>>> print(open('entry.cif').read())   # mmCIF, C-alpha atoms and all ligand atoms
data_work
loop_
_atom_site.group_PDB
_atom_site.id
_atom_site.type_symbol
_atom_site.label_atom_id
_atom_site.label_comp_id
_atom_site.auth_asym_id
_atom_site.auth_seq_id
_atom_site.Cartn_x
_atom_site.Cartn_y
_atom_site.Cartn_z
ATOM 1 C CA MET A 1 30.113 -21.222 -23.456
ATOM 2 C CA SER A 2 26.415 -20.359 -23.076
ATOM 3 C CA SER A 3 24.087 -20.291 -26.087
ATOM 4 C CA LYS A 4 22.344 -17.134 -27.245
ATOM 5 C CA GLU A 5 19.042 -18.385 -25.780
ATOM 6 C CA GLU A 6 20.644 -19.085 -22.411
ATOM 7 C CA LEU A 7 22.183 -15.627 -22.261
ATOM 8 C CA LEU A 8 18.943 -13.923 -23.329
ATOM 9 C CA LYS A 9 17.137 -15.780 -20.557
ATOM 10 C CA ARG A 10 19.827 -14.761 -18.071
ATOM 11 C CA LEU A 11 19.405 -11.111 -19.111
ATOM 12 C CA SER A 12 15.631 -11.301 -18.813
ATOM 13 C CA ASP A 13 15.695 -13.222 -15.509
ATOM 14 C CA GLY A 14 18.349 -10.895 -14.127
ATOM 15 C CA VAL A 15 16.052 -7.897 -14.718
ATOM 16 C CA VAL A 16 13.078 -9.693 -13.111
ATOM 17 C CA GLU A 17 15.211 -10.778 -10.154
ATOM 18 C CA MET A 18 16.757 -7.292 -9.744
ATOM 19 C CA GLU A 19 20.269 -8.695 -10.141
ATOM 20 C CA GLU A 20 22.045 -5.641 -11.505
ATOM 21 C CA ASP A 21 25.543 -7.165 -11.320
ATOM 22 C CA ASP A 22 24.514 -10.396 -12.985
ATOM 23 C CA VAL A 23 22.742 -8.517 -15.796
ATOM 24 C CA ALA A 24 25.919 -6.500 -16.433
ATOM 25 C CA GLU A 25 27.992 -9.678 -16.417
ATOM 26 C CA ALA A 26 25.577 -11.528 -18.719
ATOM 27 C CA ALA A 27 25.472 -8.543 -21.104
ATOM 28 C CA GLN A 28 29.266 -8.580 -21.375
ATOM 29 C CA GLU A 29 29.330 -12.351 -21.938
ATOM 30 C CA TYR A 30 26.617 -11.959 -24.569
ATOM 31 C CA LEU A 31 28.686 -9.389 -26.462
ATOM 32 C CA ASP A 32 31.909 -11.330 -26.078
ATOM 33 C CA ALA A 33 30.161 -14.313 -27.678
ATOM 34 C CA GLY A 34 29.408 -12.099 -30.699
ATOM 35 C CA TYR A 35 25.614 -11.952 -30.437
ATOM 36 C CA PRO A 36 23.754 -8.824 -31.689
ATOM 37 C CA ALA A 37 23.172 -6.089 -29.122
ATOM 38 C CA PHE A 38 19.729 -5.339 -30.543
ATOM 39 C CA ASP A 39 18.329 -8.791 -29.682
ATOM 40 C CA GLY A 40 19.973 -8.637 -26.272
ATOM 41 C CA ILE A 41 18.091 -5.421 -25.547
ATOM 42 C CA MET A 42 14.712 -6.429 -26.984
ATOM 43 C CA GLU A 43 14.551 -10.149 -26.211
ATOM 44 C CA GLY A 44 16.582 -9.977 -23.007
ATOM 45 C CA LEU A 45 16.331 -6.695 -21.108
ATOM 46 C CA VAL A 46 12.980 -5.410 -22.415
ATOM 47 C CA ASP A 47 11.451 -8.861 -22.074
ATOM 48 C CA GLY A 48 12.529 -8.842 -18.414
ATOM 49 C CA MET A 49 11.087 -5.355 -17.861
ATOM 50 C CA ASN A 50 7.780 -6.421 -19.413
ATOM 51 C CA ARG A 51 7.695 -9.461 -17.110
ATOM 52 C CA ALA A 52 8.432 -7.217 -14.115
ATOM 53 C CA SER A 53 5.527 -4.943 -15.147
ATOM 54 C CA GLU A 54 3.206 -7.960 -15.220
ATOM 55 C CA LEU A 55 4.309 -8.951 -11.708
ATOM 56 C CA TYR A 56 3.519 -5.428 -10.539
ATOM 57 C CA GLU A 57 0.096 -5.622 -12.170
ATOM 58 C CA ALA A 58 -0.484 -8.975 -10.425
ATOM 59 C CA GLU A 59 0.461 -7.270 -7.131
ATOM 60 C CA GLU A 60 3.365 -9.621 -6.635
ATOM 61 C CA TYR A 61 5.903 -6.822 -6.947
ATOM 62 C CA PHE A 62 5.944 -3.502 -5.105
ATOM 63 C CA VAL A 63 6.989 -0.153 -6.538
ATOM 64 C CA THR A 64 10.471 -0.531 -5.047
ATOM 65 C CA ASP A 65 10.895 -3.899 -6.774
ATOM 66 C CA VAL A 66 9.973 -2.499 -10.191
ATOM 67 C CA LEU A 67 12.464 0.324 -9.726
ATOM 68 C CA LEU A 68 15.242 -2.145 -8.872
ATOM 69 C CA CYS A 69 14.278 -4.106 -12.006
ATOM 70 C CA SER A 70 14.656 -0.966 -14.084
ATOM 71 C CA ASP A 71 18.088 -0.302 -12.503
ATOM 72 C CA ALA A 72 19.130 -3.777 -13.638
ATOM 73 C CA MET A 73 17.730 -3.083 -17.127
ATOM 74 C CA TYR A 74 19.688 0.180 -17.391
ATOM 75 C CA ALA A 75 22.895 -1.589 -16.219
ATOM 76 C CA GLY A 76 22.512 -3.967 -19.170
ATOM 77 C CA LEU A 77 21.614 -1.130 -21.552
ATOM 78 C CA ASP A 78 24.811 0.748 -20.625
ATOM 79 C CA ILE A 79 26.814 -2.232 -21.849
ATOM 80 C CA LEU A 80 24.787 -3.272 -24.911
ATOM 81 C CA ARG A 81 23.825 0.125 -26.275
ATOM 82 C CA PRO A 82 27.261 1.233 -27.548
ATOM 83 C CA HIS A 83 27.247 -1.908 -29.700
ATOM 84 C CA LEU A 84 24.057 -1.165 -31.581
ATOM 85 C CA PRO A 85 24.908 -0.546 -35.235
ATOM 86 C CA GLU A 86 24.436 3.197 -35.450
ATOM 87 C CA VAL A 87 23.440 4.896 -38.671
ATOM 88 C CA SER A 88 25.427 8.059 -39.236
ATOM 89 C CA GLY A 89 24.477 10.935 -41.458
ATOM 90 C CA ASP A 90 25.594 14.500 -41.962
ATOM 91 C CA GLU A 91 22.141 15.932 -41.844
ATOM 92 C CA LYS A 92 20.267 14.120 -39.167
ATOM 93 C CA VAL A 93 16.532 14.641 -38.915
ATOM 94 C CA THR A 94 15.614 16.136 -35.537
ATOM 95 C CA GLY A 95 12.851 14.876 -33.273
ATOM 96 C CA VAL A 96 11.662 16.007 -29.855
ATOM 97 C CA ILE A 97 10.631 13.369 -27.308
ATOM 98 C CA GLY A 98 9.172 13.504 -23.816
ATOM 99 C CA VAL A 99 6.608 12.260 -21.336
ATOM 100 C CA VAL A 100 3.621 14.596 -21.023
ATOM 101 C CA GLU A 101 2.935 16.753 -18.003
ATOM 102 C CA GLY A 102 1.767 14.952 -14.873
ATOM 103 C CA ASP A 103 3.401 11.654 -15.745
ATOM 104 C CA THR A 104 6.804 10.522 -14.494
ATOM 105 C CA HIS A 105 6.942 7.066 -16.155
ATOM 106 C CA ASP A 106 9.930 7.245 -18.468
ATOM 107 C CA ILE A 107 11.271 3.723 -19.035
ATOM 108 C CA GLY A 108 9.376 3.217 -22.305
ATOM 109 C CA LYS A 109 10.176 6.733 -23.524
ATOM 110 C CA ASN A 110 13.878 6.096 -22.918
ATOM 111 C CA LEU A 111 13.726 2.910 -25.002
ATOM 112 C CA VAL A 112 11.945 4.682 -27.859
ATOM 113 C CA LYS A 113 14.578 7.431 -27.750
ATOM 114 C CA ILE A 114 17.459 4.931 -27.851
ATOM 115 C CA MET A 115 15.983 3.102 -30.840
ATOM 116 C CA LEU A 116 15.323 6.327 -32.764
ATOM 117 C CA GLU A 117 18.856 7.590 -32.067
ATOM 118 C CA THR A 118 20.265 4.296 -33.215
ATOM 119 C CA ALA A 119 18.271 4.606 -36.425
ATOM 120 C CA GLY A 120 20.063 7.909 -37.085
ATOM 121 C CA PHE A 121 17.664 10.534 -35.738
ATOM 122 C CA ASN A 122 18.877 13.456 -33.639
ATOM 123 C CA MET A 123 16.594 13.209 -30.592
ATOM 124 C CA ILE A 124 16.085 16.053 -28.132
ATOM 125 C CA ASP A 125 14.920 14.477 -24.895
ATOM 126 C CA LEU A 126 12.798 16.761 -22.723
ATOM 127 C CA GLY A 127 12.514 14.116 -20.000
ATOM 128 C CA ARG A 128 9.350 13.371 -18.079
ATOM 129 C CA ASP A 129 6.514 15.453 -16.617
ATOM 130 C CA VAL A 130 7.137 17.952 -19.411
ATOM 131 C CA PRO A 131 5.004 21.145 -19.525
ATOM 132 C CA LEU A 132 2.918 20.879 -22.696
ATOM 133 C CA THR A 133 4.070 24.212 -24.116
ATOM 134 C CA LYS A 134 7.688 23.038 -23.857
ATOM 135 C CA PHE A 135 7.114 20.500 -26.661
ATOM 136 C CA VAL A 136 5.940 23.257 -28.979
ATOM 137 C CA GLU A 137 8.665 25.752 -28.015
ATOM 138 C CA THR A 138 11.395 23.168 -28.528
ATOM 139 C CA ALA A 139 9.985 21.925 -31.833
ATOM 140 C CA LYS A 140 10.025 25.513 -33.071
ATOM 141 C CA GLU A 141 13.502 26.396 -31.792
ATOM 142 C CA GLU A 142 15.116 23.216 -33.042
ATOM 143 C CA HIS A 143 13.228 23.040 -36.370
ATOM 144 C CA ALA A 144 12.109 19.543 -35.443
ATOM 145 C CA ALA A 145 10.475 17.346 -38.064
ATOM 146 C CA PHE A 146 8.583 15.315 -35.484
ATOM 147 C CA VAL A 147 7.473 15.201 -31.872
ATOM 148 C CA CYS A 148 7.096 11.981 -29.838
ATOM 149 C CA LEU A 149 4.714 12.052 -26.907
ATOM 150 C CA SER A 150 4.627 9.305 -24.291
ATOM 151 C CA THR A 151 2.315 8.594 -21.389
ATOM 152 C CA LEU A 152 1.357 5.562 -19.329
ATOM 153 C CA MET A 153 -1.553 7.092 -17.474
ATOM 154 C CA THR A 154 -5.152 7.625 -18.518
ATOM 155 C CA THR A 155 -5.237 10.795 -16.395
ATOM 156 C CA THR A 156 -2.511 12.490 -18.455
ATOM 157 C CA MET A 157 -3.246 11.265 -21.974
ATOM 158 C CA GLY A 158 -5.423 14.319 -22.687
ATOM 159 C CA GLY A 159 -2.217 16.367 -22.649
ATOM 160 C CA MET A 160 -1.321 14.841 -25.992
ATOM 161 C CA GLU A 161 -4.349 16.387 -27.650
ATOM 162 C CA THR A 162 -3.445 19.737 -26.096
ATOM 163 C CA VAL A 163 0.067 19.559 -27.584
ATOM 164 C CA ILE A 164 -1.469 18.976 -31.009
ATOM 165 C CA GLN A 165 -3.758 21.979 -30.552
ATOM 166 C CA LEU A 166 -0.818 24.127 -29.379
ATOM 167 C CA LEU A 167 1.214 23.111 -32.447
ATOM 168 C CA ASP A 168 -1.724 24.112 -34.567
ATOM 169 C CA GLU A 169 -2.058 27.505 -32.847
ATOM 170 C CA ALA A 170 1.686 28.110 -33.317
ATOM 171 C CA GLY A 171 1.282 27.476 -37.055
ATOM 172 C CA LEU A 172 3.526 24.414 -36.878
ATOM 173 C CA ARG A 173 1.084 21.570 -37.312
ATOM 174 C CA ASP A 174 1.770 21.030 -41.015
ATOM 175 C CA LYS A 175 5.549 21.080 -40.441
ATOM 176 C CA VAL A 176 5.761 18.699 -37.491
ATOM 177 C CA LYS A 177 4.602 15.071 -37.388
ATOM 178 C CA VAL A 178 3.232 13.854 -34.070
ATOM 179 C CA MET A 179 3.781 10.285 -32.870
ATOM 180 C CA ILE A 180 2.217 9.015 -29.672
ATOM 181 C CA GLY A 181 2.588 5.910 -27.517
ATOM 182 C CA GLY A 182 2.411 4.347 -24.050
ATOM 183 C CA GLY A 183 0.204 1.871 -22.175
ATOM 184 C CA PRO A 184 -3.278 3.436 -22.551
ATOM 185 C CA ILE A 185 -2.663 4.732 -26.087
ATOM 186 C CA SER A 186 -4.111 3.078 -29.197
ATOM 187 C CA GLN A 187 -4.430 3.732 -32.902
ATOM 188 C CA LYS A 188 -8.032 4.668 -32.234
ATOM 189 C CA TYR A 189 -6.955 7.319 -29.760
ATOM 190 C CA ALA A 190 -4.320 8.643 -32.172
ATOM 191 C CA ASP A 191 -7.010 9.008 -34.855
ATOM 192 C CA LYS A 192 -9.362 10.684 -32.386
ATOM 193 C CA ILE A 193 -6.913 13.417 -31.371
ATOM 194 C CA GLY A 194 -5.450 13.885 -34.849
ATOM 195 C CA ALA A 195 -1.958 12.488 -34.181
ATOM 196 C CA ASP A 196 -0.033 11.296 -37.249
ATOM 197 C CA GLY A 197 0.758 7.885 -35.826
ATOM 198 C CA TYR A 198 0.876 5.459 -32.935
ATOM 199 C CA SER A 199 3.037 2.448 -32.283
ATOM 200 C CA GLN A 200 3.007 -0.228 -29.641
ATOM 201 C CA ASN A 201 6.732 -0.519 -29.027
ATOM 202 C CA ALA A 202 10.125 1.038 -29.630
ATOM 203 C CA VAL A 203 11.009 -1.027 -32.701
ATOM 204 C CA GLU A 204 7.732 -0.156 -34.429
ATOM 205 C CA ALA A 205 8.302 3.494 -33.455
ATOM 206 C CA VAL A 206 11.374 3.584 -35.718
ATOM 207 C CA LYS A 207 9.417 2.139 -38.656
ATOM 208 C CA LEU A 208 6.640 4.636 -38.040
ATOM 209 C CA ALA A 209 9.005 7.631 -37.915
ATOM 210 C CA LYS A 210 10.628 6.581 -41.183
ATOM 211 C CA LYS A 211 7.245 6.105 -42.814
ATOM 212 C CA LEU A 212 5.870 9.460 -41.666
ATOM 213 C CA LEU A 213 9.025 11.298 -42.740
ATOM 214 C CA ASN A 214 9.465 9.406 -46.012
ATOM 215 C CA ILE A 215 12.896 8.067 -45.059
ATOM 216 C CA ALA A 216 13.962 4.825 -46.699
HETATM 217 C C1 LIG B 301 7.392 0.948 -13.693
HETATM 218 C C2 LIG B 301 6.074 1.589 -13.277
HETATM 219 C C3 LIG B 301 6.146 2.655 -12.391
HETATM 220 C C4 LIG B 301 7.480 3.262 -11.916
HETATM 221 C C5 LIG B 301 7.966 4.246 -12.999
HETATM 222 C C6 LIG B 301 9.494 4.350 -13.061
HETATM 223 C C7 LIG B 301 9.937 5.118 -14.261
HETATM 224 N N1 LIG B 301 10.993 5.860 -14.090
HETATM 225 O O1 LIG B 301 9.374 5.065 -15.334
HETATM 226 C C8 LIG B 301 7.003 3.971 -10.611
HETATM 227 C C9 LIG B 301 7.095 2.954 -9.503
HETATM 228 C C10 LIG B 301 7.778 5.233 -10.203
HETATM 229 C C11 LIG B 301 5.550 4.231 -10.923
HETATM 230 C C12 LIG B 301 4.813 5.242 -10.357
HETATM 231 C C13 LIG B 301 3.444 5.420 -10.561
HETATM 232 N N2 LIG B 301 2.615 4.605 -11.289
HETATM 233 CO CO1 LIG B 301 3.244 3.246 -12.384
HETATM 234 N N3 LIG B 301 3.674 1.663 -13.424
HETATM 235 C C14 LIG B 301 4.816 1.108 -13.745
HETATM 236 C C15 LIG B 301 4.542 -0.195 -14.545
HETATM 237 C C16 LIG B 301 4.584 -1.350 -13.577
HETATM 238 C C17 LIG B 301 5.468 -0.506 -15.731
HETATM 239 C C18 LIG B 301 5.676 0.597 -16.759
HETATM 240 C C19 LIG B 301 6.895 0.295 -17.608
HETATM 241 O O2 LIG B 301 7.973 0.873 -17.402
HETATM 242 N N4 LIG B 301 6.770 -0.674 -18.533
HETATM 243 C C20 LIG B 301 7.889 -1.146 -19.367
HETATM 244 C C21 LIG B 301 8.072 -0.275 -20.608
HETATM 245 C C22 LIG B 301 9.227 -0.848 -21.447
HETATM 246 O O3 LIG B 301 6.893 -0.302 -21.412
HETATM 247 P P1 LIG B 301 6.058 1.006 -21.850
HETATM 248 O O4 LIG B 301 6.317 2.105 -20.893
HETATM 249 O O5 LIG B 301 4.668 0.625 -22.134
HETATM 250 O O6 LIG B 301 6.769 1.516 -23.208
HETATM 251 C C23 LIG B 301 6.697 0.832 -24.451
HETATM 252 C C24 LIG B 301 5.450 1.174 -25.312
HETATM 253 O O7 LIG B 301 4.349 1.636 -24.583
HETATM 254 C C25 LIG B 301 5.958 2.152 -26.329
HETATM 255 N N5 LIG B 301 5.962 3.585 -26.037
HETATM 256 C C26 LIG B 301 6.077 4.234 -24.882
HETATM 257 N N6 LIG B 301 6.123 5.549 -25.053
HETATM 258 C C27 LIG B 301 6.032 5.781 -26.374
HETATM 259 C C28 LIG B 301 6.025 6.967 -27.113
HETATM 260 C C29 LIG B 301 5.909 6.904 -28.486
HETATM 261 C C30 LIG B 301 5.902 8.182 -29.273
HETATM 262 C C31 LIG B 301 5.780 5.649 -29.135
HETATM 263 C C32 LIG B 301 5.615 5.620 -30.605
HETATM 264 C C33 LIG B 301 5.801 4.452 -28.402
HETATM 265 C C34 LIG B 301 5.924 4.534 -27.027
HETATM 266 O O8 LIG B 301 7.293 1.730 -26.528
HETATM 267 C C35 LIG B 301 7.864 1.359 -25.253
HETATM 268 C C36 LIG B 301 8.998 0.396 -25.455
HETATM 269 O O9 LIG B 301 8.663 -0.709 -26.251
HETATM 270 C C37 LIG B 301 3.078 0.103 -15.083
HETATM 271 C C38 LIG B 301 2.244 -1.119 -15.405
HETATM 272 C C39 LIG B 301 2.199 -1.422 -16.893
HETATM 273 N N7 LIG B 301 1.736 -2.614 -17.166
HETATM 274 O O10 LIG B 301 2.537 -0.619 -17.734
HETATM 275 C C40 LIG B 301 2.506 0.972 -13.946
HETATM 276 C C41 LIG B 301 1.395 1.978 -14.256
HETATM 277 C C42 LIG B 301 1.678 2.690 -15.566
HETATM 278 N N8 LIG B 301 1.479 2.980 -13.109
HETATM 279 C C43 LIG B 301 0.371 3.402 -12.752
HETATM 280 C C44 LIG B 301 0.191 4.361 -11.701
HETATM 281 C C45 LIG B 301 -1.237 4.699 -11.321
HETATM 282 C C46 LIG B 301 1.300 4.957 -11.071
HETATM 283 C C47 LIG B 301 1.267 6.007 -9.944
HETATM 284 C C48 LIG B 301 0.224 7.103 -10.087
HETATM 285 C C49 LIG B 301 1.095 5.230 -8.649
HETATM 286 C C50 LIG B 301 0.867 6.049 -7.396
HETATM 287 N N9 LIG B 301 -0.347 5.950 -6.915
HETATM 288 O O11 LIG B 301 1.758 6.717 -6.934
HETATM 289 C C51 LIG B 301 2.710 6.576 -9.999
HETATM 290 C C52 LIG B 301 2.838 7.711 -11.031
HETATM 291 C C53 LIG B 301 3.188 9.009 -10.510
HETATM 292 C C54 LIG B 301 3.214 10.031 -11.646
HETATM 293 N N10 LIG B 301 2.519 11.106 -11.514
HETATM 294 O O12 LIG B 301 3.809 9.818 -12.688
HETATM 295 C C55 LIG B 301 -0.784 2.800 -13.527
HETATM 296 C C56 LIG B 301 -1.449 3.758 -14.528
HETATM 297 C C57 LIG B 301 -2.945 3.532 -14.524
HETATM 298 C C58 LIG B 301 -3.655 4.361 -15.535
HETATM 299 N N11 LIG B 301 -4.328 3.696 -16.416
HETATM 300 O O13 LIG B 301 -3.618 5.547 -15.533
HETATM 301 C C59 LIG B 301 -0.124 1.510 -14.144
HETATM 302 C C60 LIG B 301 -0.732 1.072 -15.489
HETATM 303 C C61 LIG B 301 -0.263 0.389 -13.100
HETATM 304 C C62 LIG B 301 -1.712 0.065 -12.782
HETATM 305 N N12 LIG B 301 -2.304 -0.901 -13.424
HETATM 306 O O14 LIG B 301 -2.290 0.662 -11.933
HETATM 307 N N13 LIG B 301 5.091 3.337 -11.853
#
>>> encode(input="entry.cif", output="structure tokens")
Amino acid sequence: MSSKEELLKRLSDGVVEMEEDDVAEAAQEYLDAGYPAFDGIMEGLVDGMNRASELYEAEEYFVTDVLLCSDAMYAGLDILRPHLPEVSGDEKVTGVIGVVEGDTHDIGKNLVKIMLETAGFNMIDLGRDVPLTKFVETAKEEHAAFVCLSTLMTTTMGGMETVIQLLDEAGLRDKVKVMIGGGPISQKYADKIGADGYSQNAVEAVKLAKKLLNIA
């Protein structure tokens, strides 16, 4: 039987090498061996996706390659995700999440959503390339306690500030916390536009949401 480290490496390598079937197989073996789904996702699948992103940055991978890597990552997620220890609650706190207008990168947003759902939040996913007013309308309709904005492009990050202004104009700013994240985003930027918080990855996003909403 393979060790946890060997299986994590197989998950990560499988994503980098675009081996969807092998990732699915390794994910099942990993679970059958009794290892925690959370580590399999973060240290296996997400590690592989981060490595694939670096290869794209280094111009060793093309767009099509990165997309095949993400298919392999999702194949593993389908298997591991149902085994994350989910927190249940009668009155779940609602959050709205989406990628701001003009940007179609949604891999990171999907991971943040999965982690927040696993932590017990009721997440309304607006998808990607979301019109900025849609965040505000949905937050109002659904009585959301927080809004999560994602973007990976410098050209679209300004949309986050607009959403904050629109929340303000709708009289919702003091009722709705705003969390932001994605490649070009930083704590400095969050402070500049008046967001309530920023985090670098999906695991930290859960801690941040709990902190902002005073949830133990
Ligand atoms: C995969 C990818 C694509 C895929 C996207 C597939 C998809 N469905 O998402 C495809 C091939 C389609 C693509 C297209 C394009 N891409 Co692209 N892409 C990438 C790449 C290689 C990886 C991104 C990724 O998925 N990373 C893995 C995930 C897990 O990480 P993540 O997204 O950062 O998310 C984590 C954190 O940021 C955080 N987080 C994310 N969101 C949020 C939200 C909140 C609230 C919080 C708290 C945290 C949080 O948690 C996540 C999980 O831990 C990056 C390079 C890079 N290094 O980022 C370029 C990159 C983002 N792309 C880029 C560009 C320019 C484009 C295109 C415009 C290219 C083109 N000329 O057509 C188009 C975009 C078209 C459009 N209008 O949207 C640029 C952006 C440059 C810039 N500074 O603006 C980058 C940086 C590459 C580069 N160096 O040029 N891309």
>>> resolve_selection(input="entry.cif", expression="the PyMOL selection byres (((not hetatm)) within 7 of (chain B and resi 301))", output="PyMOL selection string")
chain A and resi 46+49-50+53-54+56-57+63-64+66-67+102-109+111-112+148-155+179-184+198-203+205
>>> write_last_selection(input="entry.cif", atoms="C-alpha atoms", output="PDB file, in the coordinates of the input")
ATOM      1  CA  VAL A  46      12.980  -5.410 -22.415  1.00  0.00           C
ATOM      2  CA  MET A  49      11.087  -5.355 -17.861  1.00  0.00           C
ATOM      3  CA  ASN A  50       7.780  -6.421 -19.413  1.00  0.00           C
ATOM      4  CA  SER A  53       5.527  -4.943 -15.147  1.00  0.00           C
ATOM      5  CA  GLU A  54       3.206  -7.960 -15.220  1.00  0.00           C
ATOM      6  CA  TYR A  56       3.519  -5.428 -10.539  1.00  0.00           C
ATOM      7  CA  GLU A  57       0.096  -5.622 -12.170  1.00  0.00           C
ATOM      8  CA  VAL A  63       6.989  -0.153  -6.538  1.00  0.00           C
ATOM      9  CA  THR A  64      10.471  -0.531  -5.047  1.00  0.00           C
ATOM     10  CA  VAL A  66       9.973  -2.499 -10.191  1.00  0.00           C
ATOM     11  CA  LEU A  67      12.464   0.324  -9.726  1.00  0.00           C
ATOM     12  CA  GLY A 102       1.767  14.952 -14.873  1.00  0.00           C
ATOM     13  CA  ASP A 103       3.401  11.654 -15.745  1.00  0.00           C
ATOM     14  CA  THR A 104       6.804  10.522 -14.494  1.00  0.00           C
ATOM     15  CA  HIS A 105       6.942   7.066 -16.155  1.00  0.00           C
ATOM     16  CA  ASP A 106       9.930   7.245 -18.468  1.00  0.00           C
ATOM     17  CA  ILE A 107      11.271   3.723 -19.035  1.00  0.00           C
ATOM     18  CA  GLY A 108       9.376   3.217 -22.305  1.00  0.00           C
ATOM     19  CA  LYS A 109      10.176   6.733 -23.524  1.00  0.00           C
ATOM     20  CA  LEU A 111      13.726   2.910 -25.002  1.00  0.00           C
ATOM     21  CA  VAL A 112      11.945   4.682 -27.859  1.00  0.00           C
ATOM     22  CA  CYS A 148       7.096  11.981 -29.838  1.00  0.00           C
ATOM     23  CA  LEU A 149       4.714  12.052 -26.907  1.00  0.00           C
ATOM     24  CA  SER A 150       4.627   9.305 -24.291  1.00  0.00           C
ATOM     25  CA  THR A 151       2.315   8.594 -21.389  1.00  0.00           C
ATOM     26  CA  LEU A 152       1.357   5.562 -19.329  1.00  0.00           C
ATOM     27  CA  MET A 153      -1.553   7.092 -17.474  1.00  0.00           C
ATOM     28  CA  THR A 154      -5.152   7.625 -18.518  1.00  0.00           C
ATOM     29  CA  THR A 155      -5.237  10.795 -16.395  1.00  0.00           C
ATOM     30  CA  MET A 179       3.781  10.285 -32.870  1.00  0.00           C
ATOM     31  CA  ILE A 180       2.217   9.015 -29.672  1.00  0.00           C
ATOM     32  CA  GLY A 181       2.588   5.910 -27.517  1.00  0.00           C
ATOM     33  CA  GLY A 182       2.411   4.347 -24.050  1.00  0.00           C
ATOM     34  CA  GLY A 183       0.204   1.871 -22.175  1.00  0.00           C
ATOM     35  CA  PRO A 184      -3.278   3.436 -22.551  1.00  0.00           C
ATOM     36  CA  TYR A 198       0.876   5.459 -32.935  1.00  0.00           C
ATOM     37  CA  SER A 199       3.037   2.448 -32.283  1.00  0.00           C
ATOM     38  CA  GLN A 200       3.007  -0.228 -29.641  1.00  0.00           C
ATOM     39  CA  ASN A 201       6.732  -0.519 -29.027  1.00  0.00           C
ATOM     40  CA  ALA A 202      10.125   1.038 -29.630  1.00  0.00           C
ATOM     41  CA  VAL A 203      11.009  -1.027 -32.701  1.00  0.00           C
ATOM     42  CA  ALA A 205       8.302   3.494 -33.455  1.00  0.00           C
TER      43      ALA A 205
END
>>> resolve_selection(input="entry.cif", expression="the PyMOL selection byres (((chain A and resi 7) around 12) and not hetatm)", output="PyMOL selection string")
chain A and resi 1-6+8-14+22-37+39-41+43-45
>>> resolve_selection(input="entry.cif", expression="the PyMOL selection byres (((chain A and resi 216) around 12) and not hetatm)", output="count of residues only")
12
>>> atom_distance(input="entry.cif", atom1="CA of Ile185 in chain A", atom2="CA of Gly98 in chain A")
14.9 Å
>>> closest_residue(input="entry.cif", among="A:Met157, A:Ala170, A:Met18, A:Val178", to="Val96 in chain A", atoms="all atoms listed in the file")
A:Val178
>>> axis_aligned_box(input="entry.cif", around="range 201-216 of chain A", padding_each_side="8 Å", output="AutoDock Vina command-line options")
--center_x 9.9 --center_y 5.1 --center_z -37.9 --size_x 24.1 --size_y 28.3 --size_z 33.7
>>> atom_distance(input="entry.cif", atom1="CA of Ile164 in chain A", atom2="CA of Val99 in chain A")
14.3 Å
>>> atom_distance(input="entry.cif", atom1="CA of Met115 in chain A", atom2="CA of Asp47 in chain A")
15.5 Å
>>> residues_around(input="entry.cif", residues="Lys140 in chain A", least_positions_apart="2", cutoff="12 Å", atoms="all atoms listed in the file", output="list in words")
Thr94, Gly95, Val96, Thr133, Lys134, Phe135, Val136, Glu137, Thr138, Glu142, His143, Ala144, Ala145, Phe146, Val147, Leu166, Leu167, Asp168, Ala170, Gly171, Leu172, Arg173, Lys175 and Val176 of chain A
